[in-house]
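A.B. asks: My structure file input.txt, compact mmCIF, C-alpha atoms and all ligand atoms, is below:
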# COMPACT_ATOMS: atom_id res chain seq x y z
CA MET A 1145 0.97 -17.50 -19.23
CA SER A 1146 0.12 -16.31 -15.70
CA LYS A 1147 3.82 -15.60 -15.13
CA PHE A 1148 3.50 -12.75 -17.63
CA ASN A 1149 0.62 -11.40 -15.58
CA GLN A 1150 2.62 -11.57 -12.35
CA LEU A 1151 5.63 -9.93 -13.97
CA TYR A 1152 4.09 -7.27 -16.18
CA ASN A 1153 0.77 -6.27 -14.64
CA PRO A 1154 2.44 -4.42 -11.72
CA LEU A 1155 4.87 -2.78 -14.15
CA LEU A 1156 2.02 -1.59 -16.37
CA GLU A 1157 0.13 -0.28 -13.34
CA SER A 1158 3.11 1.77 -12.18
CA ALA A 1159 4.33 2.80 -15.66
CA HIS A 1160 5.22 6.42 -16.24
CA TRP A 1161 3.16 7.11 -19.36
CA GLN A 1162 4.20 9.90 -21.69
CA ALA A 1163 2.23 11.30 -24.62
CA ALA A 1164 3.55 9.70 -27.81
CA GLN A 1165 3.76 13.09 -29.57
CA SER A 1166 6.26 14.32 -26.97
CA MET A 1167 8.68 11.46 -27.68
CA GLN A 1168 9.86 12.04 -31.27
CA LEU A 1169 9.24 8.43 -32.25
CA GLU A 1170 8.64 9.06 -35.95
CA GLY A 1171 11.58 7.77 -37.91
CA ASN A 1172 12.83 5.89 -34.84
CA GLU A 1173 13.25 2.14 -35.51
CA PHE A 1174 10.55 1.30 -32.93
CA GLY A 1175 8.26 4.19 -33.77
CA HIS A 1176 6.35 2.45 -36.53
CA TRP A 1177 5.31 -0.29 -34.07
CA LEU A 1178 4.55 1.99 -31.14
CA LEU A 1179 2.61 4.50 -33.24
CA GLU A 1180 0.48 1.87 -35.08
CA LEU A 1181 -3.04 3.24 -35.12
CA ASP A 1182 -4.55 0.26 -36.88
CA SER A 1183 -4.77 -3.27 -35.45
CA LEU A 1184 -1.58 -4.63 -33.89
CA SER A 1185 -3.02 -8.15 -34.20
CA ARG A 1186 -3.39 -7.76 -37.99
CA ARG A 1187 0.15 -6.49 -38.18
CA PHE A 1188 1.49 -9.40 -36.11
CA GLU A 1189 -0.34 -11.82 -38.41
CA ARG A 1190 1.94 -10.70 -41.23
CA HIS A 1191 5.02 -11.62 -39.16
CA CYS A 1192 4.20 -15.26 -38.41
CA GLU A 1193 2.36 -18.34 -39.66
CA HIS A 1194 0.07 -18.70 -36.64
CA PHE A 1195 -1.00 -15.72 -34.61
CA THR A 1196 -2.84 -16.65 -31.40
CA VAL A 1197 -4.16 -15.09 -28.22
CA SER A 1198 -3.94 -16.78 -24.84
CA LEU A 1199 -6.52 -15.51 -22.36
CA VAL A 1200 -4.74 -15.13 -19.03
CA GLU A 1201 -7.54 -13.71 -16.92
CA GLN A 1202 -10.84 -11.91 -17.29
CA GLY A 1203 -13.05 -10.45 -14.58
CA MET A 1204 -14.74 -7.43 -13.10
CA LEU A 1205 -12.78 -4.48 -11.76
CA GLU A 1206 -14.59 -2.00 -9.54
CA HIS A 1207 -14.27 1.68 -10.42
CA SER A 1208 -12.56 2.31 -7.08
CA CYS A 1209 -9.61 0.19 -8.33
CA LEU A 1210 -8.91 2.44 -11.33
CA VAL A 1211 -6.00 4.84 -11.00
CA PRO A 1212 -6.68 8.55 -11.63
CA ASN A 1213 -5.18 8.62 -15.13
CA GLU A 1214 -7.32 5.61 -16.15
CA ARG A 1215 -10.44 7.40 -14.82
CA ALA A 1216 -9.50 10.47 -16.80
CA LEU A 1217 -9.41 8.40 -20.00
CA ILE A 1218 -12.46 6.15 -19.64
CA GLY A 1219 -14.48 7.58 -16.75
CA ASP A 1220 -15.07 6.51 -13.16
CA VAL A 1221 -16.86 3.28 -14.06
CA ASP A 1222 -16.78 -0.43 -13.23
CA CYS A 1223 -14.91 -2.33 -15.94
CA LEU A 1224 -14.37 -5.75 -17.39
CA GLN A 1225 -10.64 -6.39 -17.21
CA ARG A 1226 -9.15 -8.67 -19.88
CA LYS A 1227 -5.54 -9.82 -19.75
CA VAL A 1228 -3.96 -11.74 -22.63
CA VAL A 1229 -0.68 -12.76 -24.18
CA LEU A 1230 -0.37 -12.40 -27.95
CA LEU A 1231 1.81 -15.10 -29.56
CA GLY A 1232 3.46 -15.46 -32.95
CA ASP A 1233 4.09 -19.14 -33.80
CA GLY A 1234 3.80 -19.94 -30.09
CA VAL A 1235 6.29 -17.29 -28.96
CA PRO A 1236 4.95 -14.64 -26.52
CA TRP A 1237 5.18 -11.22 -28.20
CA VAL A 1238 2.88 -8.96 -26.19
CA TYR A 1239 1.25 -8.92 -22.78
CA ALA A 1240 -1.93 -6.81 -22.90
CA ARG A 1241 -4.41 -5.58 -20.32
CA THR A 1242 -7.66 -4.06 -21.52
CA LEU A 1243 -10.24 -2.19 -19.47
CA ILE A 1244 -13.72 -2.28 -20.99
CA PRO A 1245 -16.14 -0.01 -19.10
CA MET A 1246 -19.50 -1.63 -18.35
CA THR A 1247 -21.05 1.36 -20.13
CA THR A 1248 -19.21 0.22 -23.29
CA LEU A 1249 -20.54 -3.35 -22.96
CA THR A 1250 -23.98 -2.35 -24.21
CA GLY A 1251 -25.89 -2.82 -27.47
CA GLN A 1252 -23.73 -4.25 -30.28
CA GLU A 1253 -20.66 -4.11 -28.04
CA ARG A 1254 -21.97 -6.68 -25.55
CA ASP A 1255 -20.02 -9.36 -27.42
CA LEU A 1256 -16.72 -7.82 -26.23
CA ALA A 1257 -17.23 -9.77 -23.02
CA GLU A 1258 -17.33 -13.05 -24.97
CA LEU A 1259 -14.20 -12.78 -27.12
CA GLY A 1260 -12.34 -15.58 -25.38
CA GLU A 1261 -9.20 -16.24 -27.42
CA MET A 1262 -10.31 -14.20 -30.41
CA PRO A 1263 -8.04 -11.14 -30.72
CA LEU A 1264 -9.76 -7.96 -29.59
CA GLY A 1265 -8.25 -6.14 -32.57
CA PHE A 1266 -10.04 -8.46 -35.03
CA ARG A 1267 -13.36 -7.46 -33.48
CA VAL A 1268 -12.67 -3.76 -32.99
CA PHE A 1269 -10.98 -2.91 -36.27
CA THR A 1270 -13.60 -4.58 -38.48
CA ASP A 1271 -16.03 -1.92 -37.26
CA ARG A 1272 -16.06 1.23 -39.39
CA SER A 1273 -16.51 3.41 -36.33
CA ALA A 1274 -13.24 2.17 -34.73
CA ARG A 1275 -10.49 4.63 -33.92
CA ARG A 1276 -7.55 4.94 -31.56
CA ASP A 1277 -6.42 8.00 -29.62
CA ALA A 1278 -4.60 9.12 -26.44
CA LEU A 1279 -1.53 7.10 -27.40
CA GLU A 1280 1.06 7.03 -24.63
CA ILE A 1281 4.42 5.29 -24.32
CA ALA A 1282 6.50 4.01 -21.41
CA ARG A 1283 9.73 2.11 -20.88
CA ILE A 1284 9.42 -0.64 -18.32
CA ALA A 1285 11.85 -3.09 -16.72
CA GLY A 1286 12.31 -6.43 -18.49
CA GLY A 1287 14.51 -8.23 -20.97
CA GLU A 1288 18.16 -7.24 -21.04
CA THR A 1289 17.74 -3.50 -21.42
CA GLY A 1290 14.09 -2.69 -20.73
CA LEU A 1291 10.95 -3.06 -22.81
CA TRP A 1292 8.61 -0.75 -24.66
CA ALA A 1293 5.02 -0.41 -23.51
CA ARG A 1294 2.18 1.62 -24.89
CA ARG A 1295 -1.32 2.54 -23.82
CA SER A 1296 -4.11 3.80 -26.02
CA ARG A 1297 -7.82 4.38 -25.97
CA LEU A 1298 -9.97 2.67 -28.56
CA TRP A 1299 -13.40 3.95 -29.54
CA LEU A 1300 -16.15 1.71 -30.84
CA ASN A 1301 -19.46 3.36 -31.73
CA GLY A 1302 -18.39 6.31 -29.58
CA LYS A 1303 -17.68 4.08 -26.55
CA PRO A 1304 -14.18 3.80 -25.04
CA LEU A 1305 -11.83 0.93 -24.07
CA LEU A 1306 -8.32 1.31 -22.65
CA VAL A 1307 -5.58 -1.02 -23.90
CA ALA A 1308 -2.11 -1.26 -22.36
CA GLU A 1309 0.49 -3.45 -24.08
CA VAL A 1310 4.03 -4.55 -23.23
CA PHE A 1311 6.18 -5.58 -26.20
CA LEU A 1312 7.99 -8.62 -24.82
CA GLN A 1313 11.63 -9.25 -25.70
CA ASP A 1314 10.92 -11.71 -28.55
CA ALA A 1315 8.47 -9.36 -30.30
CA PRO A 1316 9.39 -8.66 -33.94
CA MET A 1317 9.92 -4.96 -33.21
CA TYR A 1318 13.23 -5.77 -31.49
CA LYS A 1319 14.34 -8.22 -34.18
CA GLU A 1320 14.40 -5.58 -36.88
CA THR A 1321 17.18 -3.69 -35.11
CA GLN A 1322 20.09 -4.32 -32.81
CA ALA A 1323 19.83 -0.83 -31.31
CA TRP A 1324 19.12 -1.99 -27.76
CA ARG A 1325 21.83 -4.65 -27.63
C1 LIG A 1401 -6.21 -3.73 -29.76
C2 LIG A 1401 -5.77 -4.76 -30.43
O1 LIG A 1401 -5.94 -6.01 -29.94
C3 LIG A 1401 -4.85 -6.72 -29.45
C4 LIG A 1401 -5.48 -7.89 -28.82
C5 LIG A 1401 -5.86 -7.87 -27.51
C6 LIG A 1401 -6.77 -8.90 -26.93
O2 LIG A 1401 -7.15 -9.85 -27.63
O3 LIG A 1401 -7.16 -8.76 -25.75
C7 LIG A 1401 -5.39 -6.87 -26.69
C8 LIG A 1401 -4.56 -5.91 -27.13
C9 LIG A 1401 -4.09 -5.82 -28.50
O4 LIG A 1401 -2.72 -5.99 -28.57
C10 LIG A 1401 -5.09 -4.66 -31.73
O5 LIG A 1401 -4.98 -5.65 -32.46
O6 LIG A 1401 -4.64 -3.54 -32.08
Let me see the structure of the file written as structure tokens.
Ligand SMILES: C=C(O[C@@H]1C=C(C(=O)O)C=C[C@H]1O)C(=O)O
C.D. replies:
Amino acid sequence: MSKFNQLYNPLLESAHWQAAQSMQLEGNEFGHWLLELDSLSRRFERHCEHFTVSLVEQGMLEHSCLVPNERALIGDVDCLQRKVVLLGDGVPWVYARTLIPMTTLTGQERDLAELGEMPLGFRVFTDRSARRDALEIARIAGGETGLWARRSRLWLNGKPLLVAEVFLQDAPMYKETQAWR
């Protein structure tokens, strides 16, 4: 799975993020995936028999490594960086990179550092305080015609996390339409 990291992490880091509201995605065939405010993992579960997460890498990221727009969203803080691939029946569907500020990894949220291969969405969206905002979209290179990516901030007990996801070419969102072929 590290090949996904090598391929997509640089593309996510240099992505040109645009506010989702400015993109007229409602009613678009991809919009209902990109604008999902609830758990993507729960949604993927309904599209396969076995939904799994492969942990690619996890480690500390110093605040000096954050780019300005990341700092604006989660603060100028050291973070735990978690990179995973989400798979439906063994097929890679999403590459995701999550920044969890150390200031979020406190109290009840300390367990976020110990998720391993448990989907982050299962943990976050079972909490009644969970919400998602600052949804942004980008098109990045990949597949035959480019791939969709999105970034959003999750809040858990008033504490933020930043999740960036690339929808890989075999993700169900592209199967429902032939629009990009
Ligand atoms: C945020 C969610 O969790 C998903 C699971 C992730 C993980 O386990 O690291 C990362 C990003 C998401 O695609 C979600 O389900 O919406």
A.B. asks: Kindly provide, as a PyMOL selection string, all nucleotide and amino acid residues lying within 10 Å of ligand LIG 1401 (chain A), counting all atoms listed in the file.
C.D. replies: chain A and resi 1180-1189+1196-1200+1202+1225-1230+1237-1243+1256+1259-1269+1276+1294-1298+1305-1311
A.B. asks: As an exercise, work out the distance from atom CA of A:Thr1250 to atom CA of A:Trp1299 in Å and give it to one decimal place.
C.D. replies: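 Pair atom CA of A:Thr1250 / atom CA of A:Trp1299 returns 13.4 Å.
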A.B. asks: Enter the distance from atom CA of A:Ala1278 to atom CA of A:Val1235, in Å, rounded to one decimal.
C.D. replies: 28.7 Å
A.B. asks: Report the distance between atom CA of A:Leu1249 and atom CA of A:Leu1156 in Å, rounded to one decimal place.
C.D. replies: 23.6 Å
A.B. asks: Using only C-alpha atoms, find the one residue out of A:Ala1293, A:Ser1273, A:Lys1303, A:Gly1251 that sits nearest to A:Ala1159.
C.D. replies: A:Ala1293
A.B. asks: Compare A:Thr1247, A:Glu1253, A:Glu1201, A:Thr1289 by their minimum atom-to-atom distance to A:Asn1153, counting only C-alpha atoms, and give me the closest one.
C.D. replies: A:Glu1201
A.B. asks: Neighbours of A:Ser1208 within 10 Å (all atoms listed in the file; same-chain residues fewer than 4 positions away dropped), as a list in words?
C.D. replies: Pro1212, Arg1215, Asp1220, Val1221 and Asp1222 of chain A
A.B. asks: Can I get the selection written as a PDB file, keeping the file's coordinate frame, with C-alpha atoms?
C.D. replies:
ATOM      1  CA  PRO A1212      -6.680   8.550 -11.630  1.00  0.00           C
ATOM      2  CA  ARG A1215     -10.440   7.400 -14.820  1.00  0.00           C
ATOM      3  CA  ASP A1220     -15.070   6.510 -13.160  1.00  0.00           C
ATOM      4  CA  VAL A1221     -16.860   3.280 -14.060  1.00  0.00           C
ATOM      5  CA  ASP A1222     -16.780  -0.430 -13.230  1.00  0.00           C
TER       6      ASP A1222
END
A.B. asks: I need the residue nearest A:Gly1290 from this list: A:Met1317, A:Leu1312, A:Leu1210, A:Leu1151. Use all atoms listed in the file for the distance.
C.D. replies: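 Closest to A:Gly1290, using all atoms listed in the file: A:Leu1312.
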A.B. asks: Identify the residues around (8.4, 0.0, -33.9) within a radius of 12 Å, measuring from all atoms listed in the file in the coordinates stated by the file, and give them as a PyMOL selection string.
C.D. replies: chain A and resi 1169-1181+1184+1187-1188+1281+1291-1294+1311+1315-1321+1323
A.B. asks: Which of these, A:Ile1244, A:Leu1155, A:Cys1192, A:Met1145, has the shortest distance to A:Glu1214 once you count only C-alpha atoms?
C.D. replies: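 Among the listed residues, A:Ile1244 lies closest to A:Glu1214.
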A.B. asks: Could you check which of A:Leu1231, A:Met1246, A:Ala1257, A:Met1167 is closest to A:Glu1206, using all atoms listed in the file?
C.D. replies: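 Checking each of A:Leu1231, A:Met1246, A:Ala1257, A:Met1167 against A:Glu1206, counting all atoms listed in the file, the winner is A:Met1246.
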